[in-house]
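Enquirer: Okay, handing you the structure first.
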Amino acid sequence: MAVYYGLHVLGMAWTSDIGFGLFDLQVKLGLVVLPLAALVISKERPEMLHRSMLAFTAGFSIAMVLGLWRAITCFTLDGDSNCFSQSTMSYELHPSYAAWYGCWIVGYWGYRLVARDIDERRLRISLLVLFPILILFIMKLASKSGVIGLGMMLAVLLVVVLMRFRGQQRSVLLLAALVGSTLVIGTQGTLIKARMAAAMDAVSTYMDDPRALNNSPEGSAMRLVAWTCSVERLGMEPFGAGTGDIKHALMECYRAKGATEAEKRKLNSHSQFFQSAVALGWPGLLSIVLLALVPLFHAYGKGSMAYVLFTILFIVNASVESVLEVQAGVVFFAVFLGLLLSERTSRTNGYPKEGKA
């Protein structure tokens, strides 16, 4: 993280837009400060990851209620069933980030439940009540990265169930998972299928003629335009446009392609990997790849399933969103990474804490 942030400081040397560069450094400063703070606090309070997840889950539950209230208000005024999906359901937050948060809650608490690592009966019952609602809410957000992330979390949990349970318990859990999946897909399958189909159509069109997407207002098409421009800028500037000039570099590419929709919406790279590459060139791309993979290998070596799931979700979301360009991504990633780094597992000091493998 220090290397990644340091490269952005260095990138100010060839930046003309100093104001935006300083703003970017301010946003990303949490990547250095927050993990250190989490590590320090966790030394004094080893249960801080557990306590933080309780608070985070409670806060997310409140956000779901607020999102549902806004959707009901929208439906009352407009009578449009689309009020119960995507941005309207996500209170004061982009749907992809809300889905990211929700998937992390599913992965963390889901693993602890199937690993029988929760002693409090009231908490177990509360989570069992919350999970169907949470999964349905994530599907309602209709975020493609959210659906992929949720599928990965549930697949891991299914494998753990098959490994840890036998006989009647396993049958009951698998039946519950089957019924739940059928209900969720039955209620939200049409919307998700339509969004996935739109993404596949955009890819197919791009393969035939990339220029055909330049004026499309469809989200997947604009994302492909942003990725194309990001790759082109990396080829032109191996050390990047500079910390503060990345948006100008992308706008220049959009104008050259006649991508009016992307320019009008001032799209970033819509991928943290590409975003870092455009800003800082090949060193930036290498640093963000290391920022994704080093924690993953560290998590595996540490034997923490929660840590592994968290890093997987980061990679999924960073592939399709510039998650470290906004506080919604920086604070979430930095705080929980610091807490997970300090987590004690059965492979560290023999200290049986949450999330142990």
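Chain labels follow the order of the structure tokens: the first chain is A, the next B, and so on; residue numbering restarts at 1 in every chain, and ligands are counted from 1 in their shown order.
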Mind checking which residues fall within 12 Å of Tyr254 in chain A, counting only C-alpha atoms, ignoring those fewer than 2 positions away in the same chain, and posting them as a PyMOL selection string?
Expert: chain A and resi 211+213-215+222-230+232-233+247-252+256-269
Enquirer: Excluding same-chain residues fewer than 4 positions from Gly21 in chain A, what lies within 8 Å of it counting only C-alpha atoms, as a PyMOL selection string?
Expert: chain A and resi 12+15+17+25+243-245
Enquirer: Using the selection just defined, write its residues with N, CA and C atoms as a compact mmCIF listing (two decimals), in the first residue's frame.
Expert:
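This went into selection.txt:
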```txt
# COMPACT_ATOMS: atom_id res chain seq x y z
N MET A 12 2.88 13.08 -9.24
CA MET A 12 2.61 14.52 -9.24
C MET A 12 3.69 15.29 -9.99
N THR A 15 2.45 15.96 -13.48
CA THR A 15 1.03 16.31 -13.50
C THR A 15 0.86 17.81 -13.74
N ASP A 17 -2.49 19.12 -13.79
CA ASP A 17 -3.66 19.45 -12.99
C ASP A 17 -3.34 19.15 -11.52
N LEU A 25 -4.65 12.32 -4.01
CA LEU A 25 -3.78 11.90 -2.90
C LEU A 25 -4.54 11.92 -1.58
N THR A 243 -0.62 11.65 -11.90
CA THR A 243 -1.66 11.44 -10.90
C THR A 243 -2.88 12.32 -11.15
N GLY A 244 -2.66 13.57 -11.49
CA GLY A 244 -3.76 14.49 -11.67
C GLY A 244 -4.30 14.62 -13.08
N ASP A 245 -3.63 14.04 -14.05
CA ASP A 245 -4.01 14.24 -15.45
C ASP A 245 -4.73 13.05 -16.06
```
Enquirer: Go ahead and compute the interatomic distance for CA of Phe274 in chain A and CA of Ala98 in chain A, in Å to one decimal.
Expert: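 Computing it gives 22.0 Å between the two atoms.
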Enquirer: Taking only C-alpha atoms into account, which of A:Ser85, A:Gly19, A:Arg164, A:Tyr97 comes nearest Arg116 in chain A?
Expert: A:Arg164
Enquirer: Report, in Å with one decimal, the straight-line distance from CA of His270 in chain A to CA of Asn317 in chain A.
Expert: 9.8 Å
Enquirer: I'd like to know which of A:Leu341, A:Val294, A:Ala279, A:Leu313 is closest to Met152 in chain A, using only C-alpha atoms.
Expert: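 For Met152 in chain A, the nearest of the candidates is A:Leu313.
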Enquirer: If we count only C-alpha atoms and set the cut-off at 9 Å, which residues sit around Ile288 in chain A, ignoring sequence neighbours fewer than 2 positions away in its own chain? Please answer as an MDAnalysis selection string.
Expert: chainID A and resid 1 4 272:273 276:277 283:286 290:293
Enquirer: Emit the selected residues as a CSV table (one decimal), in the first residue's frame, including N, CA and C atoms.
Expert:
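Printed below is again38.csv as written:
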```csv
chain,number,residue,atom,x,y,z
A,1,MET,N,0.8,-1.2,0.0
A,1,MET,CA,0.0,0.0,0.0
A,1,MET,C,0.9,1.3,0.0
A,4,TYR,N,2.2,1.7,-3.5
A,4,TYR,CA,1.1,2.2,-4.4
A,4,TYR,C,0.9,3.7,-4.2
A,272,GLN,N,-9.9,-0.6,-11.6
A,272,GLN,CA,-8.8,0.0,-10.9
A,272,GLN,C,-7.5,-0.4,-11.5
A,273,PHE,N,-7.4,-1.5,-12.1
A,273,PHE,CA,-6.2,-2.0,-12.8
A,273,PHE,C,-5.8,-1.0,-13.9
A,276,SER,N,-5.1,2.7,-12.6
A,276,SER,CA,-3.7,2.9,-12.2
A,276,SER,C,-2.7,2.9,-13.3
A,277,ALA,N,-3.0,2.1,-14.4
A,277,ALA,CA,-2.1,2.0,-15.5
A,277,ALA,C,-2.1,3.3,-16.3
A,283,PRO,N,4.5,0.9,-14.1
A,283,PRO,CA,4.7,0.8,-12.6
A,283,PRO,C,3.4,0.8,-11.9
A,284,GLY,N,2.5,1.6,-12.3
A,284,GLY,CA,1.2,1.7,-11.6
A,284,GLY,C,0.4,0.4,-11.8
A,285,LEU,N,0.4,-0.2,-13.0
A,285,LEU,CA,-0.3,-1.5,-13.2
A,285,LEU,C,0.4,-2.6,-12.3
A,286,LEU,N,1.7,-2.6,-12.3
A,286,LEU,CA,2.4,-3.6,-11.5
A,286,LEU,C,2.0,-3.5,-10.0
A,290,LEU,N,0.1,-6.2,-7.5
A,290,LEU,CA,0.7,-6.7,-6.3
A,290,LEU,C,-0.2,-6.4,-5.1
A,291,LEU,N,-0.9,-5.2,-5.1
A,291,LEU,CA,-1.8,-4.9,-4.1
A,291,LEU,C,-3.0,-5.9,-4.0
A,292,ALA,N,-3.3,-6.5,-5.1
A,292,ALA,CA,-4.4,-7.5,-5.1
A,292,ALA,C,-3.9,-8.9,-4.8
A,293,LEU,N,-2.7,-9.2,-5.3
A,293,LEU,CA,-2.2,-10.6,-5.2
A,293,LEU,C,-1.5,-10.9,-3.9
```
Enquirer: Would you compute the distance between CA of Gly303 in chain A and CA of Leu39 in chain A? Give it in Å to one decimal.
Expert: 18.2 Å
Enquirer: Find the residue from A:Ala241, A:Ile315, A:Ile135, A:Val106 that sits nearest to Met53 in chain A; use only C-alpha atoms when measuring.
Expert: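 Nearest candidate to Met53 in chain A out of A:Ala241, A:Ile315, A:Ile135, A:Val106: A:Val106.
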Enquirer: So that I can check the secondary structure, give me every residue of range 7-154 of chain A assigned alpha helix (DSSP H) by backbone DSSP, as a PyMOL selection string.
Expert: chain A and resi 7-10+18-28+30-44+48-78+95-114+121-141+144-154
Enquirer: Could you tell me which of A:Leu157, A:Val129, A:Asp208, A:Phe333 comes closest to Ala115 in chain A if we count only C-alpha atoms?
Expert: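 Residue with the minimum atom-to-atom distance to Ala115 in chain A: A:Leu157.
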Enquirer: Looking at A:Val114, A:Ile125, A:Met200, A:Leu68, which one is nearest to Phe137 in chain A, with distances taken over only C-alpha atoms?
Expert: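 Among the listed residues, A:Leu68 lies closest to Phe137 in chain A.
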Enquirer: What's the 8 Å shell around range 170-175 of chain A, counting only C-alpha atoms, without same-chain residues fewer than 4 positions away, as a ChimeraX atom specification?
Expert: /A:158,161-162,165-166,179
Enquirer: Counting only C-alpha atoms, which residue out of A:Leu7, A:Trp282, A:Trp100, A:Tyr307 sits closest to Glu237 in chain A?
Expert: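 For Glu237 in chain A, the nearest of the given residues is A:Trp282.
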